[in-house]
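So this block is target13.txt, compact mmCIF, C-alpha atoms:
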# COMPACT_ATOMS: atom_id res chain seq x y z
CA MET A 163 20.55 -21.43 -40.81
CA ALA A 164 21.35 -18.01 -42.24
CA SER A 165 20.96 -15.17 -39.76
CA LEU A 166 18.67 -12.21 -40.49
CA SER A 167 20.12 -8.95 -41.72
CA SER A 168 19.40 -5.75 -39.77
CA GLY A 169 16.83 -4.68 -42.38
CA GLN A 170 15.08 -8.05 -42.22
CA LYS A 171 14.99 -7.85 -38.41
CA ASN A 172 13.37 -4.42 -38.57
CA GLU A 173 10.84 -5.63 -41.10
CA TRP A 174 10.05 -8.69 -38.96
CA SER A 175 9.68 -6.54 -35.83
CA SER A 176 7.36 -4.15 -37.67
CA LEU A 177 5.20 -7.05 -38.93
CA LYS A 178 5.07 -8.49 -35.42
CA ASN A 179 3.99 -5.12 -33.98
CA GLU A 180 1.28 -4.83 -36.63
CA GLU A 181 0.03 -8.33 -35.80
CA VAL A 182 -0.07 -7.54 -32.06
CA LEU A 183 -1.85 -4.26 -32.73
CA ILE A 184 -4.56 -6.03 -34.76
CA ASP A 185 -4.96 -8.71 -32.07
CA THR A 186 -5.22 -5.99 -29.38
CA CYS A 187 -7.90 -4.16 -31.34
CA ILE A 188 -9.90 -7.38 -31.77
CA VAL A 189 -9.62 -8.22 -28.06
CA LEU A 190 -10.74 -4.72 -27.07
CA GLU A 191 -13.62 -4.70 -29.55
CA ASN A 192 -14.92 -8.12 -28.45
CA SER A 193 -14.52 -7.56 -24.71
CA GLY A 194 -16.05 -4.08 -25.08
CA ASN A 195 -19.16 -5.61 -26.65
CA SER A 196 -19.33 -8.29 -24.00
CA LEU A 197 -18.96 -5.86 -21.06
CA LYS A 198 -21.66 -3.61 -22.50
CA GLN A 199 -24.10 -6.48 -22.89
CA ASN A 200 -23.23 -8.39 -19.71
CA PRO A 201 -21.75 -5.99 -17.16
CA ASP A 202 -22.11 -8.63 -14.44
CA LYS A 203 -19.48 -10.78 -16.17
CA THR A 204 -16.55 -8.75 -14.89
CA PHE A 205 -14.18 -11.69 -15.35
CA VAL A 206 -14.08 -10.57 -19.00
CA LEU A 207 -12.36 -7.39 -17.85
CA LYS A 208 -9.74 -9.35 -15.92
CA LEU A 209 -9.11 -11.76 -18.81
CA THR A 210 -8.85 -8.86 -21.27
CA GLN A 211 -6.17 -7.29 -19.15
CA GLU A 212 -4.26 -10.61 -18.89
CA ARG A 213 -4.50 -11.07 -22.67
CA ILE A 214 -3.29 -7.53 -23.37
CA LYS A 215 -0.43 -8.01 -20.92
CA GLU A 216 0.67 -11.05 -22.95
CA LEU A 217 0.30 -9.16 -26.23
CA ALA A 218 2.28 -6.19 -24.91
CA LYS A 219 5.15 -8.49 -23.92
CA SER A 220 5.66 -9.54 -27.52
CA SER A 221 5.50 -6.04 -28.97
CA ASN A 222 7.36 -2.77 -28.76
CA ASP A 223 4.39 -0.71 -29.93
CA GLU A 224 4.32 2.17 -27.42
CA ASP A 225 0.51 2.49 -27.49
CA VAL A 226 0.00 -1.20 -26.67
CA ILE A 227 2.57 -1.00 -23.85
CA LEU A 228 0.85 2.08 -22.42
CA LEU A 229 -2.55 0.39 -22.70
CA ASP A 230 -1.23 -2.63 -20.80
CA TYR A 231 0.24 -0.40 -18.10
CA PHE A 232 -2.95 1.66 -17.75
CA LEU A 233 -5.27 -1.35 -17.68
CA GLY A 234 -3.08 -3.16 -15.13
CA SER A 235 -3.22 -0.22 -12.74
CA PHE A 236 -6.92 0.48 -13.47
CA ASN A 237 -7.97 -3.12 -12.81
CA GLN A 238 -5.94 -3.33 -9.63
CA ARG A 239 -7.56 -0.20 -8.22
CA LEU A 240 -11.00 -1.27 -9.43
CA TRP A 241 -10.83 -4.66 -7.75
CA PHE A 242 -9.17 -3.51 -4.56
CA ASN A 243 -11.54 -0.60 -3.98
CA LEU A 244 -14.84 -1.29 -5.71
CA MET A 245 -15.41 -4.86 -6.81
CA VAL A 246 -15.11 -6.90 -3.65
CA ASP A 247 -15.13 -6.31 0.06
CA PHE A 248 -18.26 -4.27 0.77
CA PRO A 249 -19.30 -5.48 4.20
CA TYR A 250 -22.40 -4.69 6.22
CA GLU A 251 -24.68 -3.49 3.46
CA ASP A 252 -28.44 -3.80 3.49
CA GLU A 253 -30.51 -5.06 0.54
CA LYS A 254 -31.31 -1.58 -0.75
CA ALA A 255 -27.67 -0.46 -0.70
CA LYS A 256 -26.60 -3.71 -2.35
CA LYS A 257 -29.04 -3.14 -5.20
CA ILE A 258 -27.87 0.43 -5.78
CA ARG A 259 -24.21 -0.59 -5.54
CA ILE A 260 -24.68 -3.21 -8.22
CA GLU A 261 -26.45 -0.68 -10.45
CA VAL A 262 -23.62 1.83 -9.95
CA LEU A 263 -20.96 -0.79 -10.70
CA ASP A 264 -22.83 -2.10 -13.75
CA GLN A 265 -22.96 1.45 -15.05
CA LEU A 266 -19.20 1.76 -14.65
CA ILE A 267 -18.57 -1.55 -16.41
CA LYS A 268 -20.78 -0.50 -19.32
CA ILE A 269 -18.72 2.69 -19.65
CA VAL A 270 -15.56 0.54 -19.60
CA GLY A 271 -17.10 -1.52 -22.42
CA ASN A 272 -17.76 1.61 -24.49
CA VAL A 273 -14.26 2.92 -23.88
CA PHE A 274 -12.74 -0.42 -24.92
CA LYS A 275 -14.50 -0.11 -28.26
CA ASP A 276 -13.21 3.47 -28.62
CA LEU A 277 -9.69 2.37 -27.71
CA SER A 278 -9.93 -0.39 -30.30
CA ASN A 279 -10.85 2.18 -32.96
CA GLY A 280 -8.16 4.57 -31.69
CA LEU A 281 -5.38 1.99 -31.84
CA GLY A 282 -6.36 1.15 -35.41
CA GLU A 283 -6.41 4.82 -36.48
CA LYS A 284 -3.68 5.74 -39.01
CA ASP A 285 -3.76 9.51 -38.36
CA LYS A 286 -1.38 10.01 -35.41
CA ALA A 287 -3.07 13.13 -34.04
CA LYS A 288 -6.55 11.55 -34.20
CA LYS A 289 -5.18 8.38 -32.63
CA ALA A 290 -3.62 10.29 -29.72
CA LYS A 291 -6.85 12.22 -29.11
CA ILE A 292 -9.04 9.07 -29.06
CA LEU A 293 -6.68 7.22 -26.72
CA TYR A 294 -6.31 10.21 -24.38
CA ASP A 295 -10.08 10.70 -24.24
CA GLY A 296 -10.57 7.00 -23.53
CA TYR A 297 -8.13 6.96 -20.63
CA LYS A 298 -9.60 10.19 -19.28
CA THR A 299 -13.13 8.71 -19.39
CA LEU A 300 -11.99 5.58 -17.54
CA ALA A 301 -10.24 7.62 -14.83
CA ASN A 302 -13.16 10.05 -14.41
CA SER A 303 -15.75 7.26 -14.32
CA TYR A 304 -13.77 5.44 -11.65
CA GLU A 305 -13.54 8.60 -9.51
CA ASN A 306 -17.25 9.34 -10.01
CA THR A 307 -18.17 5.80 -8.95
CA ILE A 308 -16.13 6.20 -5.77
CA ARG A 309 -17.87 9.50 -5.02
CA THR A 310 -21.33 8.01 -5.68
CA LEU A 311 -20.68 5.03 -3.44
CA GLU A 312 -19.14 7.22 -0.73
CA SER A 313 -22.36 9.27 -0.60
CA LEU A 314 -24.47 6.12 -0.69
CA PHE A 315 -22.69 4.59 2.27
CA GLU A 316 -21.91 7.83 4.12
CA GLY A 317 -21.65 7.37 7.85
CA LYS A 318 -21.80 3.60 7.59
CA GLY A 319 -18.04 3.25 8.32
CA ILE A 320 -17.15 -0.34 7.60
CA MET B 547 18.47 -18.23 32.16
CA SER B 548 18.25 -15.79 29.28
CA THR B 549 15.77 -12.94 29.25
CA LYS B 550 13.12 -12.63 26.56
CA LYS B 551 15.11 -9.83 24.97
CA GLU B 552 18.23 -12.01 24.78
CA SER B 553 16.17 -14.82 23.25
CA LEU B 554 14.79 -12.41 20.69
CA ILE B 555 18.30 -11.21 19.76
CA GLU B 556 19.28 -14.86 19.23
CA LEU B 557 16.24 -15.41 16.99
CA ILE B 558 17.07 -12.28 14.99
CA LYS B 559 20.48 -13.78 14.29
CA LYS B 560 19.08 -17.24 13.55
CA TYR B 561 16.48 -15.98 11.06
CA ASN B 562 18.76 -13.33 9.49
CA VAL B 563 16.19 -10.67 10.25
CA VAL B 564 18.70 -7.87 9.81
CA THR B 565 20.08 -7.71 6.30
CA LYS B 566 22.82 -5.35 5.17
CA SER B 567 22.84 -3.64 1.84
CA ALA B 568 21.54 -0.35 0.45
CA TYR B 569 17.79 0.06 0.95
CA SER B 570 15.25 2.74 0.25
CA LEU B 571 13.00 2.77 3.28
CA ALA B 572 9.24 3.36 3.14
CA HIS B 573 9.54 7.01 4.22
CA GLY B 574 11.92 7.73 1.34
CA THR B 575 15.51 7.92 2.55
CA ARG B 576 18.37 5.48 2.06
CA SER B 577 19.48 3.04 4.73
CA TYR B 578 22.28 0.52 4.98
CA TYR B 579 20.51 -2.13 7.01
CA PHE B 580 16.99 -3.50 7.00
CA PHE B 581 15.01 -5.01 9.88
CA ASP B 582 12.71 -7.48 8.12
CA VAL B 583 10.05 -8.65 10.59
CA ASP B 584 8.53 -10.91 7.93
CA LYS B 585 11.57 -13.22 8.16
CA PHE B 586 10.52 -14.70 11.47
CA ALA B 587 6.77 -14.31 11.30
CA TYR B 588 6.11 -17.85 10.09
CA ASP B 589 7.50 -20.04 12.86
CA TYR B 590 5.71 -20.63 16.15
CA ARG B 591 8.78 -19.91 18.32
CA PRO B 592 9.43 -16.31 17.27
CA VAL B 593 5.71 -15.64 16.82
CA ASN B 594 5.06 -16.82 20.36
CA LEU B 595 7.96 -14.86 21.85
CA ILE B 596 7.28 -11.67 19.91
CA SER B 597 3.53 -11.70 20.56
CA ASP B 598 4.35 -12.26 24.25
CA MET B 599 6.61 -9.22 24.27
CA TYR B 600 4.09 -7.08 22.37
CA SER B 601 1.32 -8.20 24.75
CA GLU B 602 3.36 -7.40 27.85
CA LYS B 603 3.96 -3.84 26.60
CA ILE B 604 0.28 -3.45 25.70
CA LEU B 605 -0.89 -4.69 29.08
CA GLU B 606 1.63 -2.42 30.84
CA ILE B 607 0.07 0.52 29.02
CA ARG B 608 -3.43 -0.61 29.88
CA ALA B 609 -2.44 -0.91 33.54
CA LYS B 610 -1.41 2.77 33.30
CA ASP B 611 -4.45 3.81 31.24
CA PRO B 612 -7.44 1.48 31.77
CA ARG B 613 -9.47 3.34 29.12
CA VAL B 614 -7.52 1.51 26.41
CA ASP B 615 -10.02 -0.75 24.66
CA ARG B 616 -8.77 -1.09 21.08
CA LEU B 617 -5.65 -2.24 19.28
CA ILE B 618 -5.02 -0.85 15.83
CA PHE B 619 -2.94 -2.80 13.33
CA ILE B 620 -1.77 -1.45 10.00
CA GLU B 621 -2.24 -3.00 6.57
CA LYS B 622 0.49 -1.15 4.71
CA ASP B 623 0.26 0.02 1.16
CA TYR B 624 3.78 -1.22 0.38
CA GLY B 625 6.74 -2.96 1.93
CA THR B 626 6.67 -5.74 4.48
CA ILE B 627 3.58 -7.40 5.95
CA GLY B 628 4.67 -5.88 9.25
CA ALA B 629 2.98 -6.67 12.57
CA LEU B 630 -0.13 -8.31 11.05
CA PRO B 631 1.10 -11.93 11.40
CA PHE B 632 1.26 -11.43 15.18
CA MET B 633 -2.24 -9.99 15.45
CA SER B 634 -4.29 -13.06 16.35
CA SER B 635 -1.79 -14.19 18.93
CA ILE B 636 -1.74 -10.71 20.53
CA ILE B 637 -5.55 -10.62 20.60
CA LEU B 638 -5.57 -13.95 22.43
CA LYS B 639 -2.99 -12.79 24.94
CA THR B 640 -4.37 -9.31 25.62
CA ARG B 641 -8.08 -9.96 24.98
CA ILE B 642 -8.41 -6.48 23.54
CA GLU B 643 -10.65 -5.95 20.51
CA THR B 644 -8.78 -5.09 17.37
CA THR B 645 -9.17 -3.04 14.21
CA VAL B 646 -7.03 -3.05 11.06
CA VAL B 647 -6.56 0.22 9.18
CA ARG B 648 -5.93 -0.04 5.44
CA PHE B 649 -3.99 2.72 3.72
CA ARG B 650 -4.36 1.46 0.16
CA ARG B 651 -8.14 1.72 0.21
CA GLU B 652 -9.29 4.73 -1.82
CA ILE B 653 -12.90 4.54 -0.64
CA SER B 654 -13.92 4.85 3.01
CA ILE B 655 -16.04 1.69 2.85
CA GLY B 656 -13.68 -1.03 4.02
CA GLU B 657 -10.84 1.31 5.04
CA ILE B 658 -11.06 -0.22 8.52
CA LYS B 659 -11.67 -3.88 9.31
CA GLY B 660 -12.54 -5.67 12.50
CA ALA B 661 -13.94 -4.03 15.61
CA SER B 662 -15.81 -0.80 14.92
CA LEU B 663 -14.31 2.53 16.00
CA SER B 664 -15.99 5.47 17.70
CA SER B 665 -15.21 8.50 19.83
CA LYS B 666 -15.57 6.31 22.93
CA ASN B 667 -12.50 4.25 21.99
CA HIS B 668 -8.95 4.68 23.28
CA ALA B 669 -6.53 2.79 21.10
CA ILE B 670 -2.94 1.59 20.97
CA ILE B 671 -1.37 1.36 17.52
CA VAL B 672 0.69 -1.79 17.03
CA SER B 673 3.39 -1.60 14.37
CA ASP B 674 6.60 -3.37 13.40
CA VAL B 675 9.44 -0.92 12.81
CA LEU B 676 9.59 2.76 13.74
CA THR B 677 11.68 4.98 11.47
CA SER B 678 10.08 8.30 10.59
CA SER B 679 6.70 7.52 12.22
CA GLU B 680 4.92 8.00 8.89
CA GLY B 681 2.87 4.78 9.18
CA ILE B 682 1.83 5.36 12.78
CA GLY B 683 1.00 8.99 11.96
CA LYS B 684 -1.22 7.90 9.06
CA ALA B 685 -2.93 5.26 11.24
CA LYS B 686 -3.61 7.89 13.89
CA ARG B 687 -5.11 10.28 11.35
CA LEU B 688 -7.32 7.57 9.87
CA SER B 689 -8.51 6.51 13.35
CA SER B 690 -9.16 10.14 14.25
CA LYS B 691 -11.75 10.28 11.46
CA TYR B 692 -13.82 7.95 13.66
CA GLY B 693 -13.11 10.00 16.78
CA VAL B 694 -10.73 7.50 18.37
CA THR B 695 -8.15 8.73 20.89
CA VAL B 696 -4.65 7.39 20.27
CA ARG B 697 -2.00 8.14 22.90
CA TYR B 698 0.25 5.11 22.58
CA ALA B 699 1.95 2.96 19.99
CA VAL B 700 3.90 -0.25 20.48
CA VAL B 701 6.62 -1.22 18.01
CA LEU B 702 8.90 -4.21 17.78
CA TYR B 703 11.92 -2.20 16.67
CA ASP B 704 12.77 1.49 16.96
CA ARG B 705 15.51 2.47 14.51
CA THR B 706 16.08 5.60 16.69
CA GLN B 707 16.09 7.88 13.68
CA GLY B 708 13.84 10.54 15.16
CA GLY B 709 10.39 8.92 14.84
CA LYS B 710 9.90 8.72 18.60
CA GLN B 711 10.33 12.47 19.03
CA ILE B 712 8.09 13.26 16.07
CA LEU B 713 5.31 11.12 17.56
CA LYS B 714 5.84 12.62 21.02
CA ASP B 715 5.19 16.04 19.49
CA THR B 716 1.83 14.75 18.18
CA GLY B 717 0.88 13.29 21.56
CA ILE B 718 1.80 9.63 21.00
CA GLU B 719 4.06 7.81 23.42
CA ILE B 720 6.14 5.05 21.82
CA CYS B 721 6.92 1.81 23.64
CA SER B 722 9.49 -0.24 21.77
CA ILE B 723 10.48 -3.83 22.41
CA LEU B 724 13.92 -3.35 20.85
CA THR B 725 15.94 -0.31 19.84
CA LYS B 726 19.04 0.12 17.74
CA ASP B 727 21.16 -0.07 20.94
CA ASP B 728 19.94 -3.63 21.49
CA LEU B 729 21.12 -4.64 18.01
CA VAL B 730 24.44 -2.90 18.64
CA ASN B 731 24.88 -4.62 22.01
CA GLY B 732 23.89 -7.94 20.45
CA LYS B 733 26.64 -7.37 17.86
CA ILE B 734 24.19 -7.52 14.95
CA ILE B 735 25.00 -4.03 13.68
CA LYS B 736 27.64 -1.49 14.60
CA ALA B 737 26.83 1.76 16.30
CA ASN B 738 27.78 4.21 13.56
CA ASN B 739 28.18 1.92 10.62
CA PRO B 740 25.52 -0.78 10.53
CA TYR B 741 26.89 -2.37 7.39
CA GLY B 742 30.47 -3.03 8.54
CA GLU B 743 33.79 -1.31 8.23
CA ASP B 744 35.20 -2.28 4.87
CA THR B 745 32.41 -1.44 2.51
CA GLN B 746 31.27 1.39 0.34
CA PHE B 747 28.26 1.80 2.66
CA ASP B 748 30.35 3.43 5.36
CA LYS B 749 27.73 5.88 6.49
CA GLU B 750 25.88 6.74 9.62
CA GLU B 751 22.10 6.36 9.69
CA GLN B 752 20.28 9.63 9.16
CA ILE B 753 18.12 11.19 11.79
CA ILE B 754 14.78 11.98 10.14
CA PRO B 755 14.04 15.69 10.59
CA PRO B 756 10.64 16.65 12.03
CA PRO B 757 7.80 17.20 9.49
CA GLN B 758 8.16 21.00 9.50
CA GLU B 759 11.83 20.80 8.52
CA ARG B 760 11.10 18.17 5.89
CA LEU B 761 8.42 20.37 4.38
CA LYS B 762 10.88 23.32 4.30
CA GLU B 763 13.34 21.14 2.39
CA LEU B 764 10.56 20.04 0.03
CA GLU B 765 9.55 23.65 -0.49
CA LYS B 766 13.04 24.36 -1.89
CA ILE B 767 12.72 21.44 -4.31
CA LEU B 768 9.07 21.50 -5.35
CA GLY B 769 8.00 25.05 -4.61
CA LYS B 770 5.47 26.49 -2.17
CA LYS B 771 2.35 25.43 -4.05
CA SER B 772 3.26 21.74 -4.10
CA VAL B 773 3.97 21.79 -0.38
CA GLU B 774 0.58 23.39 0.28
CA VAL B 775 -1.04 20.49 -1.60
CA LEU B 776 0.94 18.02 0.50
CA ARG B 777 -0.13 19.75 3.70
CA LYS B 778 -3.78 19.55 2.66
CA LEU B 779 -3.41 15.85 1.82
CA GLU B 780 -1.75 15.27 5.18
CA MET B 781 -4.62 17.03 6.94
CA LYS B 782 -7.14 14.93 5.00
CA GLY B 783 -5.21 11.88 6.18
Reformat the file's structure so that it appears as structure tokens.
Amino acid sequence: MASLSSGQKNEWSSLKNEEVLIDTCIVLENSGNSLKQNPDKTFVLKLTQERIKELAKSSNDEDVILLDYFLGSFNQRLWFNLMVDFPYEDEKAKKIRIEVLDQLIKIVGNVFKDLSNGLGEKDKAKKAKILYDGYKTLANSYENTIRTLESLFEGKGI
Amino acid sequence: MSTKKESLIELIKKYNVVTKSAYSLAHGTRSYYFFDVDKFAYDYRPVNLISDMYSEKILEIRAKDPRVDRLIFIEKDYGTIGALPFMSSIILKTRIETTVVRFRREISIGEIKGASLSSKNHAIIVSDVLTSSEGIGKAKRLSSKYGVTVRYAVVLYDRTQGGKQILKDTGIEICSILTKDDLVNGKIIKANNPYGEDTQFDKEEQIIPPPQERLKELEKILGKKSVEVLRKLEMKG
């Protein structure tokens, strides 16, 4: 079988990146909608991250690689600190905690839709701004949720 | 009949607990040997012997200070599992209630697990390896948030790189089961060159300078403002 020339390799790599970018946008758009509608189904968030990790492996698009890196770290912190492991809470606190977490997941859903639009944006400056704002919103929302829960459970220790 | 310490040295050899290469230790300097407690934490013989030796030290301290009513174990944010695999066995042997402190937790809910902590408690921190004392220092600060008094820590291995003195300055007395001298006498490492004579790693282990000196060095690298931030973080624990 004839081997590919350097130009053909570049063209193939570019097509592959484009394909991965489109797939990433679709995944973000769909999971964003799902998380907004059903914030209790947080497994969607985990699966999205796994899917994007796979997509990023087969691409050298810097924005997809950064997205994978950010989501990996974000999910890890989210699950370790907020999603599980809240012992000794009464019914009232449990209800509020779920409301606070649902609110966060809905924001994540919105941001996913923004990130999907941002990744598909052709204007580089606009693209950078949308992605930066999305990551900033995720980070700020996470910090705000921690602060809200800290005040909710203040003095309760473990 | 061999002593417990001799038996432990034999087990360290058998399970290749000390490995020799170039390592970056948790506190951030380079070392040329690594004491990996995890290597022998999964067999009943070393677990039994080590938890015995930990428990003896703990009970010796409690004989001296009967107020001791809590053990504090550390769930690290990186590196080895540490002393956690020995926890249940030590609880059984000492019958002292135990708490685990968790450094990776970013929210105070769930940052400690197990027995509750209050200002009435006097605790001993149980850790695996002492190098710079960073882990024990962090555990003390986290426990202090709950008002706990910590005057003692028990470690399996003291690398004798200055951690003991640093902790002494903060009011914690260290009781170690093994020190570097024991590994030297047991012919596991050499006194000045743990790796061996004919290698590129022909260096002596560094003594970790006390926090004030380390901060001065950092000030030269990062500037005064950064060091102020670090100090504040340290105070926050």
Rounded to one decimal, what separation in Å do you get between atom CA of A:Ile188 and atom CA of A:Leu229?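 Separation between atom CA of A:Ile188 and atom CA of A:Leu229: 14.0 Å.
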Which residues are close to A:Leu314, i.e. within 10 Å by all atoms listed in the file, leaving aside same-chain residues fewer than 4 positions away? Reply as an NGL selection string. :A and (255 or 258-259 or 308-310 or 318)
Taking only C-alpha atoms into account, name the residue in B:Ser654, B:Asp611, B:Leu595, B:Tyr579 that is nearest to B:Thr549. B:Leu595
Atom CA of B:Ile735 to atom CA of B:Asp582 measures 13.9 Å
List the neighbours of B:Thr706 out to 7 Å using all atoms listed in the file; skip same-chain residues closer than 4 positions along the sequence, and give me the result as a ChimeraX atom specification. /B:677,725-726
